[in-house]
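Raw contents of input39.pdb, PDB, C-alpha atoms:
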MODEL        1
ATOM      1  CA  MET A   1     -31.711 -26.777 -45.742  1.00  0.00           C
ATOM      2  CA  VAL A   2     -32.756 -25.737 -42.230  1.00  0.00           C
ATOM      3  CA  GLU A   3     -32.816 -22.031 -41.627  1.00  0.00           C
ATOM      4  CA  VAL A   4     -31.420 -20.912 -38.257  1.00  0.00           C
ATOM      5  CA  PRO A   5     -33.104 -17.770 -36.981  1.00  0.00           C
ATOM      6  CA  GLN A   6     -30.651 -15.031 -36.230  1.00  0.00           C
ATOM      7  CA  GLN A   7     -30.819 -13.490 -32.824  1.00  0.00           C
ATOM      8  CA  SER A   8     -30.914  -9.759 -32.858  1.00  0.00           C
ATOM      9  CA  LYS A   9     -28.637  -7.803 -30.590  1.00  0.00           C
ATOM     10  CA  PRO A  10     -30.465  -6.305 -27.634  1.00  0.00           C
ATOM     11  CA  SER A  11     -31.506  -2.738 -28.092  1.00  0.00           C
ATOM     12  CA  THR A  12     -31.002  -0.143 -25.418  1.00  0.00           C
ATOM     13  CA  VAL A  13     -34.705  -0.556 -24.571  1.00  0.00           C
ATOM     14  CA  ASP A  14     -34.463  -4.221 -23.521  1.00  0.00           C
ATOM     15  CA  TYR A  15     -30.890  -4.052 -22.283  1.00  0.00           C
ATOM     16  CA  ASN A  16     -30.314  -3.547 -18.571  1.00  0.00           C
ATOM     17  CA  GLN A  17     -28.256  -0.378 -18.107  1.00  0.00           C
ATOM     18  CA  ALA A  18     -27.259  -1.095 -14.481  1.00  0.00           C
ATOM     19  CA  TYR A  19     -23.592  -1.696 -15.291  1.00  0.00           C
ATOM     20  CA  GLU A  20     -23.280   1.532 -17.283  1.00  0.00           C
ATOM     21  CA  SER A  21     -25.128   3.452 -14.566  1.00  0.00           C
ATOM     22  CA  LEU A  22     -22.846   2.225 -11.784  1.00  0.00           C
ATOM     23  CA  VAL A  23     -19.438   1.630 -13.390  1.00  0.00           C
ATOM     24  CA  LYS A  24     -17.746   4.616 -15.029  1.00  0.00           C
ATOM     25  CA  ALA A  25     -14.426   2.981 -16.038  1.00  0.00           C
ATOM     26  CA  ASP A  26     -12.768  -0.436 -16.081  1.00  0.00           C
ATOM     27  CA  ASP A  27     -10.795   0.434 -12.935  1.00  0.00           C
ATOM     28  CA  ASP A  28     -13.748   2.034 -11.090  1.00  0.00           C
ATOM     29  CA  VAL A  29     -13.581  -0.096  -7.942  1.00  0.00           C
ATOM     30  CA  HIS A  30     -16.478   1.725  -6.264  1.00  0.00           C
ATOM     31  CA  GLY A  31     -18.669   1.225  -9.318  1.00  0.00           C
ATOM     32  CA  LEU A  32     -17.703  -2.423  -9.740  1.00  0.00           C
ATOM     33  CA  LEU A  33     -18.520  -3.141  -6.108  1.00  0.00           C
ATOM     34  CA  ALA A  34     -21.799  -1.185  -6.433  1.00  0.00           C
ATOM     35  CA  TYR A  35     -22.672  -3.349  -9.459  1.00  0.00           C
ATOM     36  CA  ALA A  36     -21.953  -6.489  -7.426  1.00  0.00           C
ATOM     37  CA  LEU A  37     -24.229  -5.128  -4.686  1.00  0.00           C
ATOM     38  CA  TYR A  38     -26.933  -4.475  -7.293  1.00  0.00           C
ATOM     39  CA  LYS A  39     -26.620  -8.065  -8.553  1.00  0.00           C
ATOM     40  CA  GLN A  40     -26.786  -9.373  -4.990  1.00  0.00           C
ATOM     41  CA  HIS A  41     -29.884  -7.235  -4.347  1.00  0.00           C
ATOM     42  CA  LYS A  42     -31.460  -8.545  -7.570  1.00  0.00           C
ATOM     43  CA  ARG A  43     -30.743 -12.150  -6.577  1.00  0.00           C
ATOM     44  CA  ASP A  44     -32.178 -11.590  -3.094  1.00  0.00           C
ATOM     45  CA  TRP A  45     -35.296 -10.007  -4.626  1.00  0.00           C
ATOM     46  CA  ILE A  46     -35.786 -12.952  -7.012  1.00  0.00           C
ATOM     47  CA  MET A  47     -35.330 -15.487  -4.188  1.00  0.00           C
ATOM     48  CA  SER A  48     -37.837 -13.578  -2.026  1.00  0.00           C
ATOM     49  CA  TYR A  49     -40.280 -13.352  -4.937  1.00  0.00           C
ATOM     50  CA  LYS A  50     -40.036 -17.112  -5.541  1.00  0.00           C
ATOM     51  CA  LYS A  51     -40.662 -17.781  -1.847  1.00  0.00           C
ATOM     52  CA  ASP A  52     -43.634 -15.411  -1.662  1.00  0.00           C
ATOM     53  CA  HIS A  53     -45.247 -16.296  -5.027  1.00  0.00           C
ATOM     54  CA  GLY A  54     -44.231 -19.923  -5.496  1.00  0.00           C
ATOM     55  CA  GLY A  55     -42.306 -19.288  -8.696  1.00  0.00           C
ATOM     56  CA  PRO A  56     -39.980 -16.927 -10.520  1.00  0.00           C
ATOM     57  CA  PRO A  57     -41.028 -13.369 -11.339  1.00  0.00           C
ATOM     58  CA  GLY A  58     -42.531 -12.616 -14.709  1.00  0.00           C
ATOM     59  CA  GLU A  59     -40.987 -10.322 -17.312  1.00  0.00           C
ATOM     60  CA  ALA A  60     -43.086  -7.350 -16.177  1.00  0.00           C
ATOM     61  CA  ASP A  61     -42.168  -7.830 -12.512  1.00  0.00           C
ATOM     62  CA  LEU A  62     -38.474  -8.198 -13.320  1.00  0.00           C
ATOM     63  CA  ALA A  63     -38.560  -5.143 -15.605  1.00  0.00           C
ATOM     64  CA  ALA A  64     -40.247  -3.106 -12.857  1.00  0.00           C
ATOM     65  CA  PHE A  65     -37.592  -4.201 -10.352  1.00  0.00           C
ATOM     66  CA  MET A  66     -34.757  -3.260 -12.727  1.00  0.00           C
ATOM     67  CA  ARG A  67     -36.325   0.140 -13.506  1.00  0.00           C
ATOM     68  CA  SER A  68     -36.553   0.809  -9.775  1.00  0.00           C
ATOM     69  CA  GLN A  69     -32.858  -0.053  -9.410  1.00  0.00           C
ATOM     70  CA  LEU A  70     -31.902   2.443 -12.114  1.00  0.00           C
ATOM     71  CA  LEU A  71     -33.496   5.383 -10.308  1.00  0.00           C
ATOM     72  CA  PRO A  72     -30.896   7.962  -9.225  1.00  0.00           C
ATOM     73  CA  LYS A  73     -31.544   7.347  -5.509  1.00  0.00           C
ATOM     74  CA  ALA A  74     -31.090   3.570  -5.911  1.00  0.00           C
ATOM     75  CA  ILE A  75     -27.860   4.052  -7.895  1.00  0.00           C
ATOM     76  CA  ASP A  76     -26.634   6.545  -5.302  1.00  0.00           C
ATOM     77  CA  GLY A  77     -27.494   4.074  -2.530  1.00  0.00           C
ATOM     78  CA  HIS A  78     -25.500   1.263  -4.158  1.00  0.00           C
ATOM     79  CA  LEU A  79     -22.529   3.606  -4.698  1.00  0.00           C
ATOM     80  CA  ARG A  80     -22.713   4.890  -1.111  1.00  0.00           C
ATOM     81  CA  THR A  81     -22.857   1.343   0.270  1.00  0.00           C
ATOM     82  CA  ALA A  82     -19.907   0.322  -1.927  1.00  0.00           C
ATOM     83  CA  ARG A  83     -17.886   3.334  -0.749  1.00  0.00           C
ATOM     84  CA  SER A  84     -18.675   2.515   2.883  1.00  0.00           C
ATOM     85  CA  ILE A  85     -17.638  -1.137   2.433  1.00  0.00           C
ATOM     86  CA  LEU A  86     -14.370  -0.095   0.781  1.00  0.00           C
ATOM     87  CA  GLU A  87     -13.620   2.499   3.466  1.00  0.00           C
ATOM     88  CA  ASN A  88     -14.220  -0.079   6.207  1.00  0.00           C
ATOM     89  CA  PHE A  89     -12.098  -2.640   4.371  1.00  0.00           C
ATOM     90  CA  THR A  90      -9.298  -0.121   3.852  1.00  0.00           C
ATOM     91  CA  GLY A  91      -9.453   0.854   7.513  1.00  0.00           C
ATOM     92  CA  GLU A  92      -9.169  -2.789   8.557  1.00  0.00           C
ATOM     93  CA  VAL A  93      -6.198  -3.323   6.241  1.00  0.00           C
ATOM     94  CA  VAL A  94      -4.451  -0.248   7.636  1.00  0.00           C
ATOM     95  CA  GLU A  95      -5.140  -1.268  11.234  1.00  0.00           C
ATOM     96  CA  THR A  96      -3.886  -4.786  10.540  1.00  0.00           C
ATOM     97  CA  ALA A  97      -0.675  -3.524   8.918  1.00  0.00           C
ATOM     98  CA  LYS A  98      -0.099  -0.706  11.432  1.00  0.00           C
ATOM     99  CA  PRO A  99       1.697  -2.746  14.169  1.00  0.00           C
ATOM    100  CA  LYS A 100       4.046  -4.262  11.608  1.00  0.00           C
ATOM    101  CA  HIS A 101       4.963  -0.857  10.168  1.00  0.00           C
ATOM    102  CA  GLU A 102       5.358   0.671  13.620  1.00  0.00           C
ATOM    103  CA  LYS A 103       7.706  -2.168  14.608  1.00  0.00           C
ATOM    104  CA  GLU A 104       9.704  -1.691  11.394  1.00  0.00           C
ATOM    105  CA  ALA A 105       9.968   2.063  12.033  1.00  0.00           C
ATOM    106  CA  ILE A 106      11.201   1.500  15.597  1.00  0.00           C
ATOM    107  CA  THR A 107      13.667  -1.135  14.387  1.00  0.00           C
ATOM    108  CA  ARG A 108      15.029   1.297  11.770  1.00  0.00           C
ATOM    109  CA  ARG A 109      15.475   4.014  14.403  1.00  0.00           C
ATOM    110  CA  ILE A 110      17.327   1.611  16.695  1.00  0.00           C
ATOM    111  CA  GLU A 111      19.537   0.495  13.818  1.00  0.00           C
ATOM    112  CA  VAL A 112      20.349   4.122  12.964  1.00  0.00           C
ATOM    113  CA  ALA A 113      21.168   4.868  16.619  1.00  0.00           C
ATOM    114  CA  LEU A 114      23.290   1.733  16.914  1.00  0.00           C
ATOM    115  CA  GLY A 115      24.977   2.606  13.647  1.00  0.00           C
ATOM    116  CA  TYR A 116      25.975   5.978  15.110  1.00  0.00           C
ATOM    117  CA  TRP A 117      27.432   4.426  18.246  1.00  0.00           C
ATOM    118  CA  ARG A 118      29.177   1.744  16.211  1.00  0.00           C
ATOM    119  CA  SER A 119      30.859   4.474  14.189  1.00  0.00           C
ATOM    120  CA  VAL A 120      31.836   6.309  17.398  1.00  0.00           C
ATOM    121  CA  TRP A 121      33.444   3.145  18.781  1.00  0.00           C
ATOM    122  CA  ALA A 122      35.113   2.430  15.445  1.00  0.00           C
ATOM    123  CA  GLY A 123      36.537   5.969  15.383  1.00  0.00           C
ATOM    124  CA  MET A 124      37.808   5.644  18.943  1.00  0.00           C
ATOM    125  CA  GLY A 125      39.391   2.287  18.113  1.00  0.00           C
ATOM    126  CA  ALA A 126      41.070   3.745  15.025  1.00  0.00           C
ATOM    127  CA  ALA A 127      42.397   6.695  17.055  1.00  0.00           C
ATOM    128  CA  PHE A 128      43.719   4.319  19.735  1.00  0.00           C
ATOM    129  CA  PHE A 129      45.547   2.143  17.196  1.00  0.00           C
ATOM    130  CA  TYR A 130      46.932   5.208  15.395  1.00  0.00           C
ATOM    131  CA  THR A 131      48.254   6.503  18.723  1.00  0.00           C
ATOM    132  CA  LEU A 132      49.873   3.114  19.422  1.00  0.00           C
ATOM    133  CA  PHE A 133      51.406   3.229  15.933  1.00  0.00           C
ATOM    134  CA  LEU A 134      52.896   6.704  16.566  1.00  0.00           C
ATOM    135  CA  ILE A 135      54.244   5.643  19.958  1.00  0.00           C
ATOM    136  CA  GLY A 136      55.776   2.548  18.372  1.00  0.00           C
ATOM    137  CA  LEU A 137      57.264   4.601  15.523  1.00  0.00           C
ATOM    138  CA  THR A 138      58.743   7.053  18.020  1.00  0.00           C
ATOM    139  CA  ALA A 139      60.207   4.179  20.053  1.00  0.00           C
ATOM    140  CA  VAL A 140      61.727   2.582  16.930  1.00  0.00           C
ATOM    141  CA  LEU A 141      63.250   5.894  15.883  1.00  0.00           C
ATOM    142  CA  LYS A 142      64.552   6.530  19.417  1.00  0.00           C
ATOM    143  CA  PHE A 143      66.196   3.083  19.551  1.00  0.00           C
ATOM    144  CA  GLY A 144      67.546   3.716  16.070  1.00  0.00           C
ATOM    145  CA  GLY A 145      69.354   6.764  17.351  1.00  0.00           C
ATOM    146  CA  ILE A 146      67.090   9.379  15.822  1.00  0.00           C
ATOM    147  CA  ASP A 147      65.990  12.052  18.263  1.00  0.00           C
ATOM    148  CA  LEU A 148      62.786  13.562  16.840  1.00  0.00           C
ATOM    149  CA  LEU A 149      62.343  15.995  19.742  1.00  0.00           C
ATOM    150  CA  GLY A 150      65.916  17.247  19.280  1.00  0.00           C
ATOM    151  CA  ILE A 151      65.326  17.726  15.563  1.00  0.00           C
ATOM    152  CA  LEU A 152      62.085  19.640  16.251  1.00  0.00           C
ATOM    153  CA  ALA A 153      63.816  21.795  18.878  1.00  0.00           C
ATOM    154  CA  SER A 154      66.698  22.663  16.557  1.00  0.00           C
ATOM    155  CA  VAL A 155      64.319  23.485  13.692  1.00  0.00           C
ATOM    156  CA  SER A 156      62.179  25.727  15.899  1.00  0.00           C
ATOM    157  CA  SER A 157      65.221  27.543  17.391  1.00  0.00           C
ATOM    158  CA  ALA A 158      66.698  28.068  13.913  1.00  0.00           C
ATOM    159  CA  SER A 159      63.605  29.842  12.640  1.00  0.00           C
ATOM    160  CA  PRO A 160      63.592  33.663  13.263  1.00  0.00           C
TER
ENDMDL
END

The structure given in the file should be rewritten as structure tokens.
Amino acid sequence: MVEVPQQSKPSTVDYNQAYESLVKADDDVHGLLAYALYKQHKRDWIMSYKKDHGGPPGEADLAAFMRSQLLPKAIDGHLRTARSILENFTGEVVETAKPKHEKEAITRRIEVALGYWRSVWAGMGAAFFYTLFLIGLTAVLKFGGIDLLGILASVSSASP
């Protein structure tokens, strides 16, 4: 039987704490972007090291780089850069969406104003047709032999 050596879980000593230092919660967008910037910086450093030294960095060099990236000023720098990138991105999104929202706001105001005038015209039309109806009713009653004005006059003269 061949024995497979078990791998031990990394201890906090040999485990890179960059993620925990930069990201405070699963939805911490600033921290997540700062971590991505850290990883990009690490990659750039490794590529530069390979170019300058003709090969990849050793364990000691990599450990020294990672320790330097966990210093408070380095963490603060990554977080500040992430915040700046997000603010610029947010500003660009707002500026891009601004004309569309301004146009929609103007369109809504025009629709409200037109809606008012439409209701004014509708009210005037209704009043016109109601007046025509009353004139027609009066004419029908007059031709039918009913004198509304005479009835109103007799009612008003009969009252004390």

Residues matched by the PyMOL selection byres ((chain A and resi 27-31) around 9), written as number ranges by chain = A: 19, 21-26, 32-36, 78-80, 82-83, 86

request  = Name the residues captured by the PyMOL selection byres ((chain A and resi 65) around 12) when it is applied to the shown file; answer as a list of chain:residue names.
outcome  = A:Asn16, A:Ala18, A:Tyr38, A:Lys39, A:His41, A:Lys42, A:Arg43, A:Asp44, A:Trp45, A:Ile46, A:Tyr49, A:Pro57, A:Gly58, A:Glu59, A:Ala60, A:Asp61, A:Leu62, A:Ala63, A:Ala64, A:Met66, A:Arg67, A:Ser68, A:Gln69, A:Leu70, A:Leu71, A:Ala74

For the residues in the current selection, export C-alpha atoms as a CSV table (one decimal), keeping the file's coordinate frame.
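Now in part-v5.csv:
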chain,number,residue,atom,x,y,z
A,16,ASN,CA,-30.3,-3.5,-18.6
A,18,ALA,CA,-27.3,-1.1,-14.5
A,38,TYR,CA,-26.9,-4.5,-7.3
A,39,LYS,CA,-26.6,-8.1,-8.6
A,41,HIS,CA,-29.9,-7.2,-4.3
A,42,LYS,CA,-31.5,-8.5,-7.6
A,43,ARG,CA,-30.7,-12.2,-6.6
A,44,ASP,CA,-32.2,-11.6,-3.1
A,45,TRP,CA,-35.3,-10.0,-4.6
A,46,ILE,CA,-35.8,-13.0,-7.0
A,49,TYR,CA,-40.3,-13.4,-4.9
A,57,PRO,CA,-41.0,-13.4,-11.3
A,58,GLY,CA,-42.5,-12.6,-14.7
A,59,GLU,CA,-41.0,-10.3,-17.3
A,60,ALA,CA,-43.1,-7.4,-16.2
A,61,ASP,CA,-42.2,-7.8,-12.5
A,62,LEU,CA,-38.5,-8.2,-13.3
A,63,ALA,CA,-38.6,-5.1,-15.6
A,64,ALA,CA,-40.2,-3.1,-12.9
A,66,MET,CA,-34.8,-3.3,-12.7
A,67,ARG,CA,-36.3,0.1,-13.5
A,68,SER,CA,-36.6,0.8,-9.8
A,69,GLN,CA,-32.9,-0.1,-9.4
A,70,LEU,CA,-31.9,2.4,-12.1
A,71,LEU,CA,-33.5,5.4,-10.3
A,74,ALA,CA,-31.1,3.6,-5.9

Assuming 5 Å of padding per side, give the centre and edge lengths of the axis-aligned box around every listed atom of region 43-49 of chain A, in Å to one decimal and as AutoDock Vina command-line options.
--center_x -35.5 --center_y -12.7 --center_z -4.5 --size_x 19.5 --size_y 15.5 --size_z 15.0

query = What does the distance from CA of Ile75 (chain A) to CA of Gly54 (chain A) come to in Å, to one decimal?
reply = 29.1 Å

Missing atoms in region 82-101 of chain A should be modelled up to N, CA and C atoms and reported as a PDB file, in the coordinates of the input.
ATOM      1  N   ALA A  82     -21.206   0.811  -1.439  1.00  0.00           N
ATOM      2  CA  ALA A  82     -19.907   0.322  -1.927  1.00  0.00           C
ATOM      3  C   ALA A  82     -18.771   1.144  -1.331  1.00  0.00           C
ATOM      4  N   ARG A  83     -18.927   2.467  -1.307  1.00  0.00           N
ATOM      5  CA  ARG A  83     -17.886   3.334  -0.749  1.00  0.00           C
ATOM      6  C   ARG A  83     -17.680   3.032   0.730  1.00  0.00           C
ATOM      7  N   SER A  84     -18.769   2.825   1.457  1.00  0.00           N
ATOM      8  CA  SER A  84     -18.675   2.515   2.883  1.00  0.00           C
ATOM      9  C   SER A  84     -17.956   1.183   3.111  1.00  0.00           C
ATOM     10  N   ILE A  85     -18.298   0.174   2.308  1.00  0.00           N
ATOM     11  CA  ILE A  85     -17.638  -1.137   2.433  1.00  0.00           C
ATOM     12  C   ILE A  85     -16.147  -1.001   2.168  1.00  0.00           C
ATOM     13  N   LEU A  86     -15.791  -0.260   1.118  1.00  0.00           N
ATOM     14  CA  LEU A  86     -14.370  -0.095   0.781  1.00  0.00           C
ATOM     15  C   LEU A  86     -13.630   0.700   1.843  1.00  0.00           C
ATOM     16  N   GLU A  87     -14.268   1.725   2.396  1.00  0.00           N
ATOM     17  CA  GLU A  87     -13.620   2.499   3.466  1.00  0.00           C
ATOM     18  C   GLU A  87     -13.390   1.625   4.700  1.00  0.00           C
ATOM     19  N   ASN A  88     -14.387   0.817   5.056  1.00  0.00           N
ATOM     20  CA  ASN A  88     -14.220  -0.079   6.207  1.00  0.00           C
ATOM     21  C   ASN A  88     -13.126  -1.104   5.944  1.00  0.00           C
ATOM     22  N   PHE A  89     -13.123  -1.654   4.738  1.00  0.00           N
ATOM     23  CA  PHE A  89     -12.098  -2.640   4.371  1.00  0.00           C
ATOM     24  C   PHE A  89     -10.708  -2.010   4.420  1.00  0.00           C
ATOM     25  N   THR A  90     -10.588  -0.819   3.851  1.00  0.00           N
ATOM     26  CA  THR A  90      -9.298  -0.121   3.852  1.00  0.00           C
ATOM     27  C   THR A  90      -8.844   0.171   5.276  1.00  0.00           C
ATOM     28  N   GLY A  91      -9.787   0.598   6.113  1.00  0.00           N
ATOM     29  CA  GLY A  91      -9.453   0.854   7.513  1.00  0.00           C
ATOM     30  C   GLY A  91      -8.958  -0.395   8.223  1.00  0.00           C
ATOM     31  N   GLU A  92      -9.601  -1.528   7.951  1.00  0.00           N
ATOM     32  CA  GLU A  92      -9.169  -2.789   8.557  1.00  0.00           C
ATOM     33  C   GLU A  92      -7.783  -3.187   8.080  1.00  0.00           C
ATOM     34  N   VAL A  93      -7.519  -2.987   6.791  1.00  0.00           N
ATOM     35  CA  VAL A  93      -6.198  -3.323   6.241  1.00  0.00           C
ATOM     36  C   VAL A  93      -5.129  -2.460   6.899  1.00  0.00           C
ATOM     37  N   VAL A  94      -5.418  -1.161   7.015  1.00  0.00           N
ATOM     38  CA  VAL A  94      -4.451  -0.248   7.636  1.00  0.00           C
ATOM     39  C   VAL A  94      -4.219  -0.631   9.092  1.00  0.00           C
ATOM     40  N   GLU A  95      -5.286  -0.900   9.825  1.00  0.00           N
ATOM     41  CA  GLU A  95      -5.140  -1.268  11.234  1.00  0.00           C
ATOM     42  C   GLU A  95      -4.378  -2.585  11.399  1.00  0.00           C
ATOM     43  N   THR A  96      -4.593  -3.507  10.480  1.00  0.00           N
ATOM     44  CA  THR A  96      -3.886  -4.786  10.540  1.00  0.00           C
ATOM     45  C   THR A  96      -2.397  -4.592  10.263  1.00  0.00           C
ATOM     46  N   ALA A  97      -2.074  -3.731   9.308  1.00  0.00           N
ATOM     47  CA  ALA A  97      -0.675  -3.524   8.918  1.00  0.00           C
ATOM     48  C   ALA A  97       0.051  -2.546   9.843  1.00  0.00           C
ATOM     49  N   LYS A  98      -0.690  -1.751  10.597  1.00  0.00           N
ATOM     50  CA  LYS A  98      -0.099  -0.706  11.432  1.00  0.00           C
ATOM     51  C   LYS A  98       0.948  -1.224  12.425  1.00  0.00           C
ATOM     52  N   PRO A  99       0.668  -2.269  13.221  1.00  0.00           N
ATOM     53  CA  PRO A  99       1.697  -2.746  14.169  1.00  0.00           C
ATOM     54  C   PRO A  99       2.987  -3.172  13.474  1.00  0.00           C
ATOM     55  N   LYS A 100       2.855  -3.816  12.343  1.00  0.00           N
ATOM     56  CA  LYS A 100       4.046  -4.262  11.608  1.00  0.00           C
ATOM     57  C   LYS A 100       4.884  -3.064  11.173  1.00  0.00           C
ATOM     58  N   HIS A 101       4.231  -2.035  10.624  1.00  0.00           N
ATOM     59  CA  HIS A 101       4.963  -0.857  10.168  1.00  0.00           C
ATOM     60  C   HIS A 101       5.545  -0.064  11.330  1.00  0.00           C
TER      61      HIS A 101
END
